[in-house]
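Participant: You'll find query_31.pdb just under this line, and it carries PDB, C-alpha atoms and all ligand atoms.
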```
ATOM      1  CA  MET B 219     185.052  63.477  73.417
ATOM      2  CA  THR B 220     182.759  66.497  73.582
ATOM      3  CA  PRO B 221     179.188  65.378  72.810
ATOM      4  CA  ARG B 222     177.736  66.734  69.583
ATOM      5  CA  VAL B 223     174.562  68.795  69.470
ATOM      6  CA  PHE B 224     172.509  69.339  66.307
ATOM      7  CA  SER B 225     169.700  71.786  65.762
ATOM      8  CA  GLY B 226     167.967  73.243  62.724
ATOM      9  CA  ILE B 227     165.902  76.329  62.003
ATOM     10  CA  GLN B 228     163.656  77.199  59.066
ATOM     11  CA  PRO B 229     164.849  80.052  56.821
ATOM     12  CA  SER B 230     161.949  82.328  57.690
ATOM     13  CA  GLY B 231     163.966  85.539  57.191
ATOM     14  CA  ASP B 232     164.503  87.672  60.276
ATOM     15  CA  LEU B 233     164.373  85.799  63.538
ATOM     16  CA  HIS B 234     161.547  86.892  65.795
ATOM     17  CA  ILE B 235     161.710  87.019  69.581
ATOM     18  CA  GLY B 236     159.764  83.746  69.812
ATOM     19  CA  ASN B 237     162.506  81.950  67.829
ATOM     20  CA  TYR B 238     165.134  83.727  69.864
ATOM     21  CA  LEU B 239     163.725  82.933  73.311
ATOM     22  CA  GLY B 240     162.452  79.487  72.338
ATOM     23  CA  ALA B 241     165.588  78.208  70.619
ATOM     24  CA  VAL B 242     168.432  80.469  69.534
ATOM     25  CA  GLN B 243     169.202  81.988  72.936
ATOM     26  CA  ASN B 244     169.739  78.439  74.139
ATOM     27  CA  TRP B 245     171.949  77.599  71.141
ATOM     28  CA  VAL B 246     174.159  80.566  72.029
ATOM     29  CA  ALA B 247     174.299  79.449  75.660
ATOM     30  CA  ILE B 248     175.357  75.873  74.836
ATOM     31  CA  GLN B 249     177.498  76.407  71.733
ATOM     32  CA  ARG B 250     180.764  76.132  73.690
ATOM     33  CA  GLN B 251     179.582  73.295  75.903
ATOM     34  CA  TYR B 252     179.007  70.912  72.947
ATOM     35  CA  ALA B 253     180.452  70.310  69.491
ATOM     36  CA  SER B 254     177.661  72.393  67.947
ATOM     37  CA  VAL B 255     176.173  71.931  64.487
ATOM     38  CA  PHE B 256     173.472  74.468  63.579
ATOM     39  CA  CYS B 257     171.671  74.216  60.268
ATOM     40  CA  ILE B 258     169.357  76.512  58.292
ATOM     41  CA  VAL B 259     166.988  73.885  56.930
ATOM     42  CA  ASP B 260     166.021  75.144  53.472
ATOM     43  CA  TYR B 261     165.072  71.647  52.214
ATOM     44  CA  HIS B 262     162.389  71.599  54.901
ATOM     45  CA  ALA B 263     161.162  75.025  53.771
ATOM     46  CA  ILE B 264     160.302  73.773  50.269
ATOM     47  CA  THR B 265     157.707  71.291  51.558
ATOM     48  CA  VAL B 266     155.173  74.167  51.393
ATOM     49  CA  PRO B 267     154.616  76.652  48.500
ATOM     50  CA  TYR B 268     157.396  79.268  48.174
ATOM     51  CA  GLU B 269     159.167  81.659  45.779
ATOM     52  CA  PRO B 270     162.820  80.820  44.908
ATOM     53  CA  ALA B 271     164.145  84.414  45.119
ATOM     54  CA  ASP B 272     162.351  84.889  48.415
ATOM     55  CA  LEU B 273     163.780  81.661  49.841
ATOM     56  CA  ARG B 274     167.312  82.768  48.901
ATOM     57  CA  THR B 275     166.821  86.105  50.694
ATOM     58  CA  ARG B 276     165.208  84.516  53.732
ATOM     59  CA  THR B 277     168.036  82.003  54.063
ATOM     60  CA  ARG B 278     170.668  84.721  53.954
ATOM     61  CA  GLU B 279     168.741  86.931  56.385
ATOM     62  CA  MET B 280     168.394  84.020  58.786
ATOM     63  CA  ALA B 281     172.170  83.528  58.722
ATOM     64  CA  ILE B 282     172.666  87.242  59.510
ATOM     65  CA  SER B 283     170.143  87.048  62.364
ATOM     66  CA  LEU B 284     171.774  83.956  63.862
ATOM     67  CA  LEU B 285     175.229  85.498  63.812
ATOM     68  CA  ALA B 286     173.871  88.762  65.217
ATOM     69  CA  ALA B 287     172.092  86.834  67.973
ATOM     70  CA  GLY B 288     175.425  85.410  69.085
ATOM     71  CA  ILE B 289     176.158  82.206  67.165
ATOM     72  CA  ASP B 290     179.938  82.210  66.896
ATOM     73  CA  PRO B 291     181.236  80.497  63.727
ATOM     74  CA  GLU B 292     184.621  80.086  65.430
ATOM     75  CA  VAL B 293     183.106  77.584  67.865
ATOM     76  CA  ALA B 294     179.916  76.359  66.147
ATOM     77  CA  THR B 295     179.315  75.009  62.654
ATOM     78  CA  LEU B 296     176.646  77.103  60.922
ATOM     79  CA  PHE B 297     175.556  76.061  57.432
ATOM     80  CA  VAL B 298     172.665  75.761  54.990
ATOM     81  CA  GLN B 299     171.157  72.276  54.601
ATOM     82  CA  SER B 300     171.063  72.217  50.771
ATOM     83  CA  ALA B 301     174.840  72.852  50.673
ATOM     84  CA  VAL B 302     175.334  69.354  52.153
ATOM     85  CA  PRO B 303     173.630  66.881  49.777
ATOM     86  CA  GLU B 304     174.203  63.975  52.167
ATOM     87  CA  HIS B 305     171.094  65.134  54.076
ATOM     88  CA  THR B 306     168.753  64.080  51.282
ATOM     89  CA  GLU B 307     170.745  60.964  50.485
ATOM     90  CA  LEU B 308     170.454  59.676  54.046
ATOM     91  CA  ALA B 309     166.782  60.740  54.133
ATOM     92  CA  TRP B 310     166.094  58.506  51.129
ATOM     93  CA  ILE B 311     167.771  55.606  52.896
ATOM     94  CA  PHE B 312     165.671  56.222  56.025
ATOM     95  CA  ASN B 313     162.498  56.493  53.916
ATOM     96  CA  THR B 314     162.984  52.886  52.920
ATOM     97  CA  ILE B 315     162.833  51.679  56.544
ATOM     98  CA  THR B 316     160.107  53.995  57.886
ATOM     99  CA  PRO B 317     156.507  52.701  57.954
ATOM    100  CA  LEU B 318     154.007  55.019  56.269
ATOM    101  CA  GLY B 319     151.574  54.792  59.198
ATOM    102  CA  GLU B 320     154.165  56.234  61.553
ATOM    103  CA  LEU B 321     154.510  59.342  59.387
ATOM    104  CA  GLU B 322     150.771  59.777  58.948
ATOM    105  CA  ARG B 323     150.339  59.829  62.731
ATOM    106  CA  GLN B 324     152.658  62.826  63.222
ATOM    107  CA  THR B 325     150.676  65.696  64.739
ATOM    108  CA  GLN B 326     152.535  68.436  62.851
ATOM    109  CA  PHE B 327     151.835  66.707  59.517
ATOM    110  CA  LYS B 328     148.133  66.464  60.289
ATOM    111  CA  GLU B 329     147.985  70.140  61.296
ATOM    112  CA  LYS B 330     149.916  71.422  58.270
ATOM    113  CA  ALA B 331     148.102  69.124  55.824
ATOM    114  CA  GLN B 332     144.741  70.496  56.998
ATOM    115  CA  ARG B 333     145.840  74.024  56.058
ATOM    116  CA  GLN B 334     146.785  73.083  52.458
ATOM    117  CA  GLU B 335     144.806  72.211  49.358
ATOM    118  CA  SER B 336     147.354  69.745  48.034
ATOM    119  CA  VAL B 337     149.786  67.906  50.269
ATOM    120  CA  SER B 338     153.215  66.872  48.956
ATOM    121  CA  ALA B 339     155.013  63.658  49.840
ATOM    122  CA  GLY B 340     157.780  65.948  51.090
ATOM    123  CA  LEU B 341     155.512  67.281  53.827
ATOM    124  CA  LEU B 342     154.729  63.740  54.935
ATOM    125  CA  ASN B 343     158.398  62.747  54.854
ATOM    126  CA  TYR B 344     159.560  65.871  56.664
ATOM    127  CA  PRO B 345     160.346  63.983  59.915
ATOM    128  CA  VAL B 346     162.444  61.458  57.968
ATOM    129  CA  LEU B 347     164.594  64.290  56.625
ATOM    130  CA  GLN B 348     164.736  65.607  60.167
ATOM    131  CA  ALA B 349     165.999  62.208  61.365
ATOM    132  CA  ALA B 350     168.640  62.316  58.614
ATOM    133  CA  ASP B 351     169.661  65.852  59.661
ATOM    134  CA  ILE B 352     170.352  64.700  63.200
ATOM    135  CA  LEU B 353     171.766  61.231  62.599
ATOM    136  CA  LEU B 354     174.041  62.381  59.764
ATOM    137  CA  TYR B 355     176.129  64.119  62.428
ATOM    138  CA  ARG B 356     175.575  61.278  64.893
ATOM    139  CA  ALA B 357     174.445  63.967  67.335
ATOM    140  CA  GLU B 358     173.990  62.822  70.919
ATOM    141  CA  VAL B 359     171.908  65.820  71.949
ATOM    142  CA  VAL B 360     169.109  67.784  70.270
ATOM    143  CA  PRO B 361     167.681  70.932  71.877
ATOM    144  CA  VAL B 362     163.909  70.799  71.455
ATOM    145  CA  GLY B 363     160.776  72.580  72.571
ATOM    146  CA  GLU B 364     157.993  70.448  74.046
ATOM    147  CA  ASP B 365     156.118  70.483  70.708
ATOM    148  CA  GLN B 366     159.037  68.821  68.907
ATOM    149  CA  VAL B 367     159.511  65.862  71.208
ATOM    150  CA  GLN B 368     157.378  63.641  68.935
ATOM    151  CA  HIS B 369     159.608  64.339  65.936
ATOM    152  CA  LEU B 370     162.705  63.533  67.947
ATOM    153  CA  GLU B 371     161.113  60.290  69.066
ATOM    154  CA  LEU B 372     160.723  59.384  65.388
ATOM    155  CA  SER B 373     164.445  60.080  64.848
ATOM    156  CA  ARG B 374     165.257  57.827  67.787
ATOM    157  CA  GLU B 375     163.013  55.134  66.319
ATOM    158  CA  VAL B 376     164.735  55.455  62.918
ATOM    159  CA  ALA B 377     168.124  55.036  64.618
ATOM    160  CA  ARG B 378     166.881  51.913  66.468
ATOM    161  CA  ARG B 379     165.329  50.445  63.316
ATOM    162  CA  TRP B 380     168.387  51.063  61.151
ATOM    163  CA  ASN B 381     170.732  49.658  63.826
ATOM    164  CA  ALA B 382     168.547  46.556  64.229
ATOM    165  CA  ARG B 383     168.604  45.918  60.481
ATOM    166  CA  PHE B 384     172.164  46.808  59.516
ATOM    167  CA  ALA B 385     174.490  47.166  62.540
ATOM    168  CA  PRO B 386     176.004  44.318  64.564
ATOM    169  CA  PRO B 387     173.791  43.598  67.638
ATOM    170  CA  ASP B 388     176.584  44.524  70.056
ATOM    171  CA  ALA B 389     177.732  47.669  68.216
ATOM    172  CA  PRO B 390     174.893  50.043  67.274
ATOM    173  CA  PHE B 391     176.104  52.548  64.697
ATOM    174  CA  PHE B 392     173.664  55.370  65.447
ATOM    175  CA  GLN B 393     173.227  56.581  69.016
ATOM    176  CA  GLU B 394     169.691  57.544  69.914
ATOM    177  CA  PRO B 395     169.781  61.335  70.270
ATOM    178  CA  GLN B 396     168.635  62.678  73.628
ATOM    179  CA  PRO B 397     166.317  65.690  73.945
ATOM    180  CA  LEU B 398     167.643  68.757  75.685
ATOM    181  CA  LEU B 399     164.453  70.575  76.661
ATOM    182  CA  THR B 400     164.806  74.299  76.026
ATOM    183  CA  PRO B 401     164.316  76.172  79.329
ATOM    184  CA  THR B 402     162.063  78.993  78.023
ATOM    185  CA  ARG B 403     158.518  77.814  77.435
ATOM    186  CA  ARG B 404     156.403  78.511  74.331
ATOM    187  CA  ILE B 405     156.323  82.202  73.528
ATOM    188  CA  MET B 406     152.848  83.420  72.691
ATOM    189  CA  GLY B 407     152.312  86.002  69.966
ATOM    190  CA  LEU B 408     151.304  89.610  70.670
ATOM    191  CA  ASP B 409     147.694  88.618  69.993
ATOM    192  CA  GLY B 410     147.918  86.452  73.134
ATOM    193  CA  GLN B 411     146.079  83.709  71.201
ATOM    194  CA  ALA B 412     148.633  81.483  69.498
ATOM    195  CA  LYS B 413     152.324  80.652  69.539
ATOM    196  CA  MET B 414     154.430  83.467  68.081
ATOM    197  CA  SER B 415     154.699  82.759  64.377
ATOM    198  CA  LYS B 416     155.590  84.857  61.357
ATOM    199  CA  SER B 417     152.721  83.396  59.333
ATOM    200  CA  LEU B 418     150.244  84.631  61.979
ATOM    201  CA  GLY B 419     151.690  88.163  61.973
ATOM    202  CA  ASN B 420     151.915  88.241  65.779
ATOM    203  CA  THR B 421     155.685  88.564  66.115
ATOM    204  CA  VAL B 422     158.343  91.106  67.002
ATOM    205  CA  GLY B 423     161.395  90.740  64.761
ATOM    206  CA  LEU B 424     164.794  90.623  66.406
ATOM    207  CA  LEU B 425     166.100  93.217  63.947
ATOM    208  CA  GLU B 426     163.043  95.470  63.743
ATOM    209  CA  PRO B 427     163.673  99.185  64.386
ATOM    210  CA  PRO B 428     162.704 100.369  67.910
ATOM    211  CA  ASP B 429     159.765 102.462  66.645
ATOM    212  CA  ASP B 430     158.262  99.420  64.934
ATOM    213  CA  VAL B 431     158.739  97.295  68.061
ATOM    214  CA  TRP B 432     156.906  99.882  70.163
ATOM    215  CA  ALA B 433     154.165 100.239  67.534
ATOM    216  CA  LYS B 434     153.526  96.496  67.906
ATOM    217  CA  LEU B 435     153.766  96.408  71.701
ATOM    218  CA  ARG B 436     151.342  99.307  72.284
ATOM    219  CA  PRO B 437     148.218  97.481  71.060
ATOM    220  CA  ALA B 438     149.361  93.991  72.223
ATOM    221  CA  VAL B 439     146.736  91.950  74.074
ATOM    222  CA  THR B 440     146.894  91.976  77.904
ATOM    223  CA  ASP B 441     144.711  90.503  80.661
ATOM    224  CA  PRO B 442     141.264  90.620  78.952
ATOM    225  CA  LYS B 443     139.540  91.292  82.306
ATOM    226  CA  ARG B 444     141.533  94.479  82.859
ATOM    227  CA  ILE B 445     139.282  96.870  80.947
ATOM    228  CA  ARG B 446     139.733 100.137  82.859
ATOM    229  CA  ARG B 447     142.961 101.608  84.205
ATOM    230  CA  THR B 448     141.590 101.157  87.756
ATOM    231  CA  ASP B 449     140.799  97.427  87.324
ATOM    232  CA  PRO B 450     143.267  95.154  89.131
ATOM    233  CA  GLY B 451     144.869  92.626  86.766
ATOM    234  CA  THR B 452     146.109  89.044  86.910
ATOM    235  CA  PRO B 453     149.676  89.014  85.583
ATOM    236  CA  GLU B 454     149.787  85.218  85.147
ATOM    237  CA  VAL B 455     147.151  85.348  82.380
ATOM    238  CA  CYS B 456     148.842  88.254  80.593
ATOM    239  CA  ASN B 457     151.310  87.632  77.797
ATOM    240  CA  ILE B 458     153.076  90.932  78.484
ATOM    241  CA  TYR B 459     153.921  89.670  81.962
ATOM    242  CA  HIS B 460     155.479  86.507  80.491
ATOM    243  CA  LEU B 461     157.549  88.642  78.132
ATOM    244  CA  HIS B 462     158.750  90.651  81.151
ATOM    245  CA  ARG B 463     159.977  87.377  82.619
ATOM    246  CA  ALA B 464     161.995  86.749  79.460
ATOM    247  CA  PHE B 465     163.508  90.218  79.119
ATOM    248  CA  ASN B 466     163.641  91.804  82.576
ATOM    249  CA  PRO B 467     165.412  90.926  85.839
ATOM    250  CA  GLU B 468     163.540  89.188  88.646
ATOM    251  CA  GLN B 469     163.182  92.415  90.650
ATOM    252  CA  THR B 470     161.402  94.169  87.770
ATOM    253  CA  VAL B 471     159.153  91.146  87.185
ATOM    254  CA  GLU B 472     158.072  91.251  90.851
ATOM    255  CA  HIS B 473     157.394  94.987  90.571
ATOM    256  CA  VAL B 474     155.272  94.344  87.450
ATOM    257  CA  ALA B 475     153.168  91.758  89.304
ATOM    258  CA  VAL B 476     152.601  94.045  92.296
ATOM    259  CA  GLN B 477     151.673  97.068  90.154
ATOM    260  CA  CYS B 478     149.351  94.957  87.990
ATOM    261  CA  ARG B 479     147.469  93.333  90.894
ATOM    262  CA  ALA B 480     147.035  96.668  92.708
ATOM    263  CA  ALA B 481     146.130  98.598  89.534
ATOM    264  CA  GLY B 482     149.106 100.776  90.465
ATOM    265  CA  TRP B 483     149.823 101.452  86.822
ATOM    266  CA  GLY B 484     148.180 101.091  83.449
ATOM    267  CA  CYS B 485     149.036  98.508  80.818
ATOM    268  CA  LEU B 486     150.770 101.149  78.725
ATOM    269  CA  ASP B 487     153.137 101.983  81.631
ATOM    270  CA  CYS B 488     153.801  98.279  81.992
ATOM    271  CA  LYS B 489     154.551  97.915  78.279
ATOM    272  CA  ARG B 490     156.990 100.843  78.388
ATOM    273  CA  VAL B 491     159.021  99.010  81.038
ATOM    274  CA  LEU B 492     158.914  95.868  78.906
ATOM    275  CA  PHE B 493     160.053  97.843  75.864
ATOM    276  CA  GLU B 494     163.063  99.165  77.812
ATOM    277  CA  GLY B 495     163.973  95.624  78.859
ATOM    278  CA  MET B 496     163.620  94.332  75.310
ATOM    279  CA  GLU B 497     165.779  97.125  73.970
ATOM    280  CA  ARG B 498     168.610  96.126  76.329
ATOM    281  CA  THR B 499     168.670  92.762  74.528
ATOM    282  CA  LEU B 500     167.828  93.958  71.017
ATOM    283  CA  VAL B 501     170.169  96.972  70.638
ATOM    284  CA  PRO B 502     173.423  94.937  70.620
ATOM    285  CA  ILE B 503     171.852  92.354  68.281
ATOM    286  CA  ARG B 504     170.832  95.087  65.808
ATOM    287  CA  GLU B 505     174.330  96.570  66.025
ATOM    288  CA  ARG B 506     175.978  93.242  65.274
ATOM    289  CA  ALA B 507     173.645  92.697  62.303
ATOM    290  CA  ALA B 508     174.612  96.126  60.914
ATOM    291  CA  GLU B 509     178.299  95.241  61.258
ATOM    292  CA  ILE B 510     177.797  91.944  59.404
ATOM    293  CA  ARG B 511     175.904  93.657  56.581
ATOM    294  CA  ALA B 512     178.713  96.218  56.299
ATOM    295  CA  SER B 513     181.293  93.473  55.817
ATOM    296  CA  PRO B 514     181.116  92.262  52.193
ATOM    297  CA  GLY B 515     181.420  88.501  51.720
ATOM    298  CA  ARG B 516     181.195  87.783  55.456
ATOM    299  CA  ILE B 517     178.030  85.661  55.267
ATOM    300  CA  GLU B 518     179.282  83.688  52.248
ATOM    301  CA  GLU B 519     182.564  83.036  54.067
ATOM    302  CA  VAL B 520     180.815  81.759  57.208
ATOM    303  CA  LEU B 521     178.343  79.568  55.307
ATOM    304  CA  ARG B 522     180.985  78.159  52.960
ATOM    305  CA  GLY B 523     183.232  77.266  55.925
ATOM    306  CA  GLY B 524     180.285  75.794  57.824
ATOM    307  CA  ALA B 525     179.189  73.652  54.883
ATOM    308  CA  ALA B 526     182.740  72.303  54.406
ATOM    309  CA  ALA B 527     182.998  71.364  58.091
ATOM    310  CA  ALA B 528     179.525  69.798  58.115
ATOM    311  CA  ARG B 529     180.194  67.909  54.914
ATOM    312  CA  ALA B 530     183.378  66.357  56.262
ATOM    313  CA  ILE B 531     181.339  64.726  59.057
ATOM    314  CA  ALA B 532     178.382  63.906  56.797
ATOM    315  CA  ARG B 533     180.513  62.139  54.174
ATOM    316  CA  GLU B 534     182.144  59.990  56.820
ATOM    317  CA  THR B 535     178.768  58.887  58.234
ATOM    318  CA  LEU B 536     177.276  58.192  54.835
ATOM    319  CA  ARG B 537     180.303  56.205  53.687
ATOM    320  CA  SER B 538     179.908  53.874  56.690
ATOM    321  CA  VAL B 539     176.114  53.655  56.273
ATOM    322  CA  LYS B 540     176.362  52.739  52.580
ATOM    323  CA  HIS B 541     179.068  50.207  53.249
ATOM    324  CA  MET B 542     176.982  48.498  55.956
ATOM    325  CA  MET B 543     173.963  48.463  53.622
ATOM    326  CA  GLY B 544     175.796  46.963  50.645
ATOM    327  CA  LEU B 545     175.519  50.206  48.707
ATOM    328  CA  ASP B 546     179.211  50.359  47.855
ATOM    329  CA  ALA B 547     179.422  48.065  44.832
ATOM    330  CA  GLY B 548     179.508  51.062  42.496
ATOM    331  CA  LEU B 549     182.549  52.411  44.405
ATOM    332  CA  LEU B 550     182.174  55.259  46.844
ATOM    333  CA  SER B 551     183.338  58.784  46.162
TER
HETATM  334 FE1  LIG J   1     149.509  92.736  81.672
HETATM  335 FE2  LIG J   1     151.067  94.596  82.678
HETATM  336 FE3  LIG J   1     148.537  95.154  82.041
HETATM  337 FE4  LIG J   1     149.072  93.602  84.111
HETATM  338  S1  LIG J   1     149.605  95.749  83.902
HETATM  339  S2  LIG J   1     147.514  93.214  82.544
HETATM  340  S3  LIG J   1     150.903  92.503  83.396
HETATM  341  S4  LIG J   1     150.177  94.588  80.646
END
```
Let's see the structure in the file written out as structure tokens.

Facilitator:
Amino acid sequence: MTPRVFSGIQPSGDLHIGNYLGAVQNWVAIQRQYASVFCIVDYHAITVPYEPADLRTRTREMAISLLAAGIDPEVATLFVQSAVPEHTELAWIFNTITPLGELERQTQFKEKAQRQESVSAGLLNYPVLQAADILLYRAEVVPVGEDQVQHLELSREVARRWNARFAPPDAPFFQEPQPLLTPTRRIMGLDGQAKMSKSLGNTVGLLEPPDDVWAKLRPAVTDPKRIRRTDPGTPEVCNIYHLHRAFNPEQTVEHVAVQCRAAGWGCLDCKRVLFEGMERTLVPIRERAAEIRASPGRIEEVLRGGAAAARAIARETLRSVKHMMGLDAGLLS
């Protein structure tokens, strides 16, 4: 049987190129290789303050961006987490077997909690819901960036703990999902300081008009030691160079490095070549997004179909889990 892959993405509205290069490009590449389940994780998004109308719009826009970026609903299941209530039901079950200390040690929780005045239990339990997201589909493979390996390890631990408590010793019910490390490394923001992130305002949106993309690229941070046009630069320390590697062919990347080291061109010339490379990727994505928007009911149709397909798998898993846990006395649906 084709192994199943699961991955989720926050409904942050338009995808930015960091999301695209760090995750979604890989989803598109592997969607035919695996039985692919891709989820817009709106239950995760409500662990921090938000506006309901805004969340609805962001969720829909994320679906448009994913389809425009190349997720094919004919081969992959694309759905919104809250349309499949089994996610939260399994998360509750996993909460009952997860030690508090393990959650408190999660790096992402500590970082996010520091940035907020009041911390919800949902933020603490976020990785438990994440374990439920993955294990609900009994996914064998999870594409992850290096910064998410710890969360996946918690999902693997939940699977081990649940199996040890409720499954026969010789027949574990949940497989431990394996990480599939995403080939493109962390994409830094245009400020060159931190990972590209919408909340930091250092992104380029996948669907932004070309003029806006150029307006952001022009002032983007480069090698800080290259002050004058005649100063030779060090491409390896420049974020623009790393973006060239993501958007331009090897030959162009080599040319960039040579020109930079010899001060053969200025940073603005270099950014123009990057912009051209980015446009080769972004133009067809923008065109697909426009087509989707012009087709009334298309998004609803895709998400409804995706939720039905996801739910069929989720129900099956949860029925078995509840039966093995003695949670079937009240008769299962
Ligand atoms: Fe960066 Fe290009 Fe300027 Fe070199 S020439 S510092 S790679 S922007």

Participant: Extract, using only C-alpha atoms, all DNA, RNA and protein residues at most 8 Å from B:Glu394, discarding same-chain residues fewer than 4 positions from it, and format them as a ChimeraX atom specification.

Facilitator: /B:358,373-375,377-378

Participant: With only C-alpha atoms and all ligand atoms counted, collect every polymer residue having an atom within 7 Å of ligand LIG 1 (chain J); state the result as a PDB file with C-alpha atoms, in the frame of the given file.

Facilitator:
```pdb
ATOM      1  CA  THR B 440     146.894  91.976  77.904  1.00  0.00           C
ATOM      2  CA  ASP B 441     144.711  90.503  80.661  1.00  0.00           C
ATOM      3  CA  ARG B 444     141.533  94.479  82.859  1.00  0.00           C
ATOM      4  CA  GLY B 451     144.869  92.626  86.766  1.00  0.00           C
ATOM      5  CA  THR B 452     146.109  89.044  86.910  1.00  0.00           C
ATOM      6  CA  PRO B 453     149.676  89.014  85.583  1.00  0.00           C
ATOM      7  CA  CYS B 456     148.842  88.254  80.593  1.00  0.00           C
ATOM      8  CA  ASN B 457     151.310  87.632  77.797  1.00  0.00           C
ATOM      9  CA  ILE B 458     153.076  90.932  78.484  1.00  0.00           C
ATOM     10  CA  TYR B 459     153.921  89.670  81.962  1.00  0.00           C
ATOM     11  CA  VAL B 474     155.272  94.344  87.450  1.00  0.00           C
ATOM     12  CA  ALA B 475     153.168  91.758  89.304  1.00  0.00           C
ATOM     13  CA  GLN B 477     151.673  97.068  90.154  1.00  0.00           C
ATOM     14  CA  CYS B 478     149.351  94.957  87.990  1.00  0.00           C
ATOM     15  CA  ARG B 479     147.469  93.333  90.894  1.00  0.00           C
ATOM     16  CA  TRP B 483     149.823 101.452  86.822  1.00  0.00           C
ATOM     17  CA  GLY B 484     148.180 101.091  83.449  1.00  0.00           C
ATOM     18  CA  CYS B 485     149.036  98.508  80.818  1.00  0.00           C
ATOM     19  CA  LEU B 486     150.770 101.149  78.725  1.00  0.00           C
ATOM     20  CA  CYS B 488     153.801  98.279  81.992  1.00  0.00           C
ATOM     21  CA  LYS B 489     154.551  97.915  78.279  1.00  0.00           C
TER      22      LYS B 489
END
```

Participant: Quick check on the file I pasted: which residues fall under the PyMOL selection byres (((chain B and resi 434) around 12) and not hetatm)? Write them as a VMD selection string.

Facilitator: chain B and resid 407 to 409 419 to 423 426 to 433 435 to 439 458 489 to 490 493

Participant: Need the shell around B:Ala241: protein/DNA/RNA residues with any atom at most 8 Å away, counting all atoms listed in the file. Skip same-chain ones fewer than 3 positions apart. Format as a VMD selection string?

Facilitator: chain B and resid 237 to 238 244 to 245 361 to 363 400

Participant: Since I can't run it myself right now, could you work out what the PyMOL selection byres (((chain B and resi 353) around 12) and not hetatm) selects here and report it as a PyMOL selection string?

Facilitator: chain B and resi 222-225+255+304-305+308-309+311-312+346-352+354-360+370+372-378+380-381+391-396+531-532+534-536+539

Participant: Given the file above and the PyMOL selection byres (((chain B and resi 284-286) around 8) and not hetatm), which residues are selected, and can you give them as a ChimeraX atom specification?

Facilitator: /B:233,242,280-283,287-291,503-507,510

Participant: Mind giving me the straight-line distance from atom CA of B:Thr314 to atom CA of B:Phe327 in Å, one decimal?

Facilitator: 18.9 Å

Participant: Could you jot down the atom CA of B:Thr277 to atom CA of B:Gly226 separation for me, Å, one decimal place?

Facilitator: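 Separating atom CA of B:Thr277 from atom CA of B:Gly226 is a distance of 12.3 Å.
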
Participant: Interatomic distance between atom CA of B:Cys257 and atom CA of B:Gly524?

Facilitator: 9.1 Å

Participant: Which is closest to B:Pro390 among B:Val367, B:Ala528, B:Val293, B:Met542, if we use all atoms listed in the file?

Facilitator: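 Checking each of B:Val367, B:Ala528, B:Val293, B:Met542 against B:Pro390, counting all atoms listed in the file, the winner is B:Met542.
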